[in-house]
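Student: Below you'll find the structure I mean.
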Amino acid sequence: MNDNAPSLILTGGQVLTVDDDFGVAEGVAVRGRDIVAVGSDAEMRAMAGPGTRVVELDGRTVLPGINDSHLHGAAYGMTKPPFALDVGHPSVGSIADIAAAVERAAGAARPGEWIIGLGWDAGYLAECLADPDRFPHRRDLDAAAPRNPVCLTHFSSHLVWVNSAALRLCGIDAARVTPPGGVIDTDSAGEPTGILREAAQELVQAELPSPDAGQRRRAIQSVVRELHSRGITSYTEPGLGPGGATSLFGGLSTDNWTAYADLAASGELQSRVSVLLLPAPIGGSADDVRKGLAELRRPESADPRLLNAIGVKIFADGVPPNRTALMSEPYADGGNGALCVHGDTPGLRSDELSEMIRVAHEAGFQLGVHVTGDLAIDTVVDAFLAANAAVPRPDARHYVIHGDFVGAASLARLAAHGYGVNMNPAIKWTISDLMDEVVGPDRSAYQWPVRSAVEAGVTVCASSDAPITEPDWRQGVAAMMLRESKASGRPSGPEQCVSFAEAVRAYTINPARQDFAEDWKGSIKVGKVADLCVLDRPLLDLDPHVITDVEVDLTVFDGCVVHERSLRRPPAATGEGCSR
């Protein structure tokens, strides 16, 4: 018996190695946790031993395990039943539908118990479509839940919609001072409408019930199982720490680090999770960053290849659909947005943001900065360069998160310093028609300029930002190649389309680089970890319009088969194809 024989061979297919040349092989062999051979069908079959499982690909495609490089895993798990109502499209189509869902939940709840939901989008609500001036209001929820506070988070997570009971419980009325970096929408009489934007959300989120440790672990495990079914083996958890103390569903988001660490220590975390620590909340200051980093230090895990606190996240501005991104030119209906950091004037806020970035840079962290408006992005890139000039770090790999309207000058400076950008093509697909109304058709077409970034030499990562969109990399790849609208199918900025190879790199080797891990994951190469994704058909030359129909037949994580569609054979026994 050949003790050195592979434990698993996938052969007879289209293995997209995602190497420098985007090479194609016929098979790949795995022993233990590692890839031990990549080559022809004949070479792979010759390596098989009596204990080797051989998967006949029959022309199917193998990709490196997908890396969703900006995915709120713990929060995404808590957005699903039984933890929260789904009030997003297509589950609901109107404000009336949402009110009905809230009424059903209130009927089953105790008086005073919170009703929590996520996902609403005015762009898909019938009443708002019929009347452009119509927007969700606290009164829409009051009759549905008169005895229960209600908090429904927008799909973007940058605003919440609450009822009157929630406003009363949280002490929000016409006299309430808006926190820095936040907006409390009011009516003509100065009364809150029930819409709280950016940092103002925290006035309500601080009162939400906190999940216990067991719920957090179950939510994460549920997400990881879903990700396996989608071929995803790595993701970045963008924001755990004291800055998330009023997180999406309540409680300290440092508790989520504990949940992850417990799962990793017990061998139950079957994904590679890179974590950005969140030392300061939206509307925070440099002092918040200093204090947060002092509290956090850099938490350690039992296996950094499974769980690694890799960097720090800072919020610079809001999001364009809510007119809270800082833009150099006004929105179609007026206003330029603003930085969402501490400071009473634009200049003070700009200085504060630069100091926040300097503090984290000098502490030795990689920085991922949430920033979307072009003027805010320029401010962040200026701050990156100033921090590095003061304390040179030749391979810091800072990056812009979202980067909706990053301009040519900032792209050039990011490229020159090895900094990256993390974009959201599935969100582009979702909101492109809406953005025509918000910023005008020309700027809307430019939003998320992937091709400009690639041509500038910037490493582009693509991500779902789940729960903002589903963690569906297939939709992201299709959106990067087509730039078509979900609502109408209309192209939006087709000059920013990229090739299939560039789109796949944005979900594999480029996120590995963002993780400082390109030497050991992100491509199919001898010596790298055996994280693999088998699709149900050949992917090369496939019409981009049908990429979203592709199914994941098999997912291999760390050398083990962790997902297998039962269409081709019964589900694999635990550990099958795994030497452990």
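Every chain in the structure tokens takes a letter, A first, then B, and so on in the order presented; its residues are numbered from 1, and the ligands are numbered from 1 following the presented order.
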Which polymer residues have any atom within 7 Å of an atom of range 405-408 of chain A, counting only C-alpha atoms, with same-chain residues fewer than 5 positions away left out, as a list in words?

Tutor: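 Contacts, with the query itself left out: Thr372, Gly373, Asp374, Ile377, Gln447 and Trp448 of chain A.
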
Student: Could you take the residues named above and write them with C-alpha atoms, as a CSV table (one decimal), in the first residue's frame?

Tutor:
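Contents of the output file selection15.csv:
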chain,number,residue,atom,x,y,z
A,372,THR,CA,-17.8,55.5,-0.6
A,373,GLY,CA,-17.9,59.1,-1.8
A,374,ASP,CA,-15.2,60.4,-4.1
A,377,ILE,CA,-12.0,58.5,-0.6
A,447,GLN,CA,-20.0,53.6,-9.6
A,448,TRP,CA,-17.6,50.8,-8.7

Student: Quick one: pick out all alpha helix (DSSP H) residues within range 272-382 of chain A from a backbone DSSP run and write them as number ranges by chain.

Tutor: A: 286-296, 346-362, 374-382

Student: With only C-alpha atoms as the basis for distance, which of A:Ser69, A:Asn148, A:Thr379, A:Ser157 is at the shortest distance from Gly420 in chain A?

Tutor: A:Ser69

Student: To one decimal place, how far is CA of Val312 in chain A from CA of Ile468 in chain A in Å?

Tutor: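 It comes out at 20.5 Å.
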
Student: Considering only C-alpha atoms, tabulate each residue of range 68-180 of chain A that lies at most 12 Å from range 277-299 of chain A along with its nearest interatomic pair and the corresponding distance in Å to one decimal; arrange the rows by chain and ascending residue number and present them as a Markdown table.

Tutor:
| residue | atom | partner | partner_atom | distance |
| --- | --- | --- | --- | --- |
| A:Ser157 | CA | A:Ile282 | CA | 12.0 |
| A:His158 | CA | A:Ile282 | CA | 10.0 |
| A:Thr178 | CA | A:Gly283 | CA | 11.0 |
| A:Pro179 | CA | A:Gly283 | CA | 7.7 |
| A:Pro180 | CA | A:Gly283 | CA | 5.4 |

Student: Just to be explicit: take each residue in the selection above, keep N, CA and C atoms, and write the result as a PDB file, in the first residue's frame.

Tutor:
ATOM      1  N   SER A 157     -27.742  48.464   6.059  1.00  0.00           N
ATOM      2  CA  SER A 157     -27.321  48.552   7.464  1.00  0.00           C
ATOM      3  C   SER A 157     -26.906  49.957   7.872  1.00  0.00           C
ATOM      4  N   HIS A 158     -27.268  50.963   7.078  1.00  0.00           N
ATOM      5  CA  HIS A 158     -26.899  52.336   7.412  1.00  0.00           C
ATOM      6  C   HIS A 158     -28.086  53.163   7.877  1.00  0.00           C
ATOM      7  N   THR A 178     -29.083  64.956  18.113  1.00  0.00           N
ATOM      8  CA  THR A 178     -28.572  63.930  17.207  1.00  0.00           C
ATOM      9  C   THR A 178     -27.107  63.670  17.502  1.00  0.00           C
ATOM     10  N   PRO A 179     -26.684  62.419  17.626  1.00  0.00           N
ATOM     11  CA  PRO A 179     -25.264  62.137  17.888  1.00  0.00           C
ATOM     12  C   PRO A 179     -24.393  62.499  16.689  1.00  0.00           C
ATOM     13  N   PRO A 180     -23.129  62.826  16.923  1.00  0.00           N
ATOM     14  CA  PRO A 180     -22.233  63.139  15.811  1.00  0.00           C
ATOM     15  C   PRO A 180     -22.205  62.004  14.797  1.00  0.00           C
TER      16      PRO A 180
END

Student: Of the residues A:Gly65, A:Pro321, A:Pro449, A:Pro471, which is the one nearest to His154 in chain A, using only C-alpha atoms?

Tutor: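 The shortest atom-to-atom distance to His154 in chain A comes from A:Pro321.
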
Student: Nearest to Gln270 in chain A among A:Arg225, A:His398, A:Arg483, A:Arg216, with distances taken over only C-alpha atoms: which residue is it?

Tutor: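 The closest residue to Gln270 in chain A is A:Arg225.
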
Student: So that I can check the surroundings of range 425-436 of chain A, please list as a VMD selection string every protein, DNA and RNA residue that reaches within 7 Å of it, counting only C-alpha atoms and ignoring chain neighbours fewer than 5 positions away.

Tutor: chain A and resid 123 321 441 444 462 464 469 475 to 476 479 to 480 483 to 486 492

Student: Would you write out those residues with N, CA, C and O atoms, as a PDB file, in the first residue's frame?

Tutor:
ATOM      1  N   GLY A 123     -36.775  50.969  -2.621  1.00  0.00           N
ATOM      2  CA  GLY A 123     -36.793  50.794  -4.067  1.00  0.00           C
ATOM      3  C   GLY A 123     -37.603  49.606  -4.526  1.00  0.00           C
ATOM      4  O   GLY A 123     -37.860  49.461  -5.730  1.00  0.00           O
ATOM      5  N   PRO A 321     -26.767  55.712  -1.513  1.00  0.00           N
ATOM      6  CA  PRO A 321     -28.235  55.706  -1.595  1.00  0.00           C
ATOM      7  C   PRO A 321     -28.909  56.527  -0.499  1.00  0.00           C
ATOM      8  O   PRO A 321     -30.014  57.029  -0.697  1.00  0.00           O
ATOM      9  N   PRO A 441     -27.261  59.864 -14.067  1.00  0.00           N
ATOM     10  CA  PRO A 441     -26.857  58.681 -14.833  1.00  0.00           C
ATOM     11  C   PRO A 441     -25.365  58.548 -15.076  1.00  0.00           C
ATOM     12  O   PRO A 441     -24.840  57.434 -15.112  1.00  0.00           O
ATOM     13  N   SER A 444     -23.731  57.445 -11.809  1.00  0.00           N
ATOM     14  CA  SER A 444     -24.246  56.111 -11.515  1.00  0.00           C
ATOM     15  C   SER A 444     -23.553  55.055 -12.366  1.00  0.00           C
ATOM     16  O   SER A 444     -23.201  53.973 -11.878  1.00  0.00           O
ATOM     17  N   ALA A 462     -13.578  41.414  -4.547  1.00  0.00           N
ATOM     18  CA  ALA A 462     -15.027  41.538  -4.656  1.00  0.00           C
ATOM     19  C   ALA A 462     -15.668  40.785  -3.500  1.00  0.00           C
ATOM     20  O   ALA A 462     -15.169  39.743  -3.075  1.00  0.00           O
ATOM     21  N   SER A 464     -19.617  40.260  -1.002  1.00  0.00           N
ATOM     22  CA  SER A 464     -21.069  40.387  -0.932  1.00  0.00           C
ATOM     23  C   SER A 464     -21.537  41.436   0.054  1.00  0.00           C
ATOM     24  O   SER A 464     -22.634  41.970  -0.072  1.00  0.00           O
ATOM     25  N   THR A 469     -26.144  41.869   0.674  1.00  0.00           N
ATOM     26  CA  THR A 469     -26.612  40.983  -0.389  1.00  0.00           C
ATOM     27  C   THR A 469     -26.309  39.549   0.027  1.00  0.00           C
ATOM     28  O   THR A 469     -25.536  39.305   0.951  1.00  0.00           O
ATOM     29  N   GLN A 475     -23.227  35.648  -8.671  1.00  0.00           N
ATOM     30  CA  GLN A 475     -23.847  36.904  -9.056  1.00  0.00           C
ATOM     31  C   GLN A 475     -22.807  38.010  -9.154  1.00  0.00           C
ATOM     32  O   GLN A 475     -22.873  38.864 -10.039  1.00  0.00           O
ATOM     33  N   GLY A 476     -21.823  37.979  -8.250  1.00  0.00           N
ATOM     34  CA  GLY A 476     -20.763  38.977  -8.309  1.00  0.00           C
ATOM     35  C   GLY A 476     -19.936  38.874  -9.573  1.00  0.00           C
ATOM     36  O   GLY A 476     -19.621  39.879 -10.220  1.00  0.00           O
ATOM     37  N   ALA A 479     -22.028  40.074 -12.464  1.00  0.00           N
ATOM     38  CA  ALA A 479     -22.189  41.529 -12.421  1.00  0.00           C
ATOM     39  C   ALA A 479     -20.930  42.245 -12.875  1.00  0.00           C
ATOM     40  O   ALA A 479     -21.005  43.291 -13.531  1.00  0.00           O
ATOM     41  N   MET A 480     -19.763  41.715 -12.536  1.00  0.00           N
ATOM     42  CA  MET A 480     -18.511  42.340 -12.967  1.00  0.00           C
ATOM     43  C   MET A 480     -18.313  42.232 -14.480  1.00  0.00           C
ATOM     44  O   MET A 480     -17.716  43.111 -15.100  1.00  0.00           O
ATOM     45  N   ARG A 483     -22.375  44.200 -15.740  1.00  0.00           N
ATOM     46  CA  ARG A 483     -22.818  45.489 -15.188  1.00  0.00           C
ATOM     47  C   ARG A 483     -24.245  45.811 -15.624  1.00  0.00           C
ATOM     48  O   ARG A 483     -24.559  46.933 -16.045  1.00  0.00           O
ATOM     49  N   GLU A 484     -25.128  44.837 -15.494  1.00  0.00           N
ATOM     50  CA  GLU A 484     -26.533  45.021 -15.822  1.00  0.00           C
ATOM     51  C   GLU A 484     -27.353  45.197 -14.551  1.00  0.00           C
ATOM     52  O   GLU A 484     -26.983  44.734 -13.477  1.00  0.00           O
ATOM     53  N   SER A 485     -28.504  45.849 -14.685  1.00  0.00           N
ATOM     54  CA  SER A 485     -29.371  46.133 -13.552  1.00  0.00           C
ATOM     55  C   SER A 485     -30.255  44.941 -13.216  1.00  0.00           C
ATOM     56  O   SER A 485     -30.811  44.287 -14.104  1.00  0.00           O
ATOM     57  N   LYS A 486     -30.397  44.673 -11.936  1.00  0.00           N
ATOM     58  CA  LYS A 486     -31.318  43.631 -11.485  1.00  0.00           C
ATOM     59  C   LYS A 486     -32.753  43.979 -11.872  1.00  0.00           C
ATOM     60  O   LYS A 486     -33.522  43.111 -12.305  1.00  0.00           O
ATOM     61  N   SER A 492     -25.178  49.379 -17.051  1.00  0.00           N
ATOM     62  CA  SER A 492     -24.813  50.583 -16.312  1.00  0.00           C
ATOM     63  C   SER A 492     -23.292  50.665 -16.263  1.00  0.00           C
ATOM     64  O   SER A 492     -22.653  49.969 -15.488  1.00  0.00           O
TER      65      SER A 492
END

Student: If DSSP is run on the backbone, what residues of range 174-261 of chain A are strand (DSSP E)? A reply as a PyMOL selection string would be ideal.

Tutor: chain A and resi 182-186+192-198+232-240

Student: Could you tell me how far CA of Glu207 in chain A sits from CA of Met356 in chain A, in Å to one decimal place?

Tutor: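 About the pair CA of Met356 in chain A and CA of Glu207 in chain A: they are 27.4 Å apart.
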
Student: For His545 in chain A, list every protein, DNA or RNA residue within 7 Å, evaluated using only C-alpha atoms, and leave out those in the same chain fewer than 2 positions away; present the list as a list of chain:residue names.

Tutor: A:Ala478, A:Asp543, A:Ile547

Student: Mind checking which residues fall within 12 Å of Ser266 in chain A, counting only C-alpha atoms, ignoring those fewer than 6 positions away in the same chain, and posting them as a PyMOL selection string?

Tutor: chain A and resi 217+259-260+301-303+306

Student: Gly335 in chain A: which residues within 12 Å, counting only C-alpha atoms, same-chain residues fewer than 4 positions away excluded, as a VMD selection string?

Tutor: chain A and resid 320 322 to 331 438 to 439

Student: Using only C-alpha atoms, which of A:Pro346, A:Gly239, A:Gly119, A:Gly527 sits nearest Gly93 in chain A?

Tutor: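 Smallest separation from Gly93 in chain A among the options: A:Gly119.
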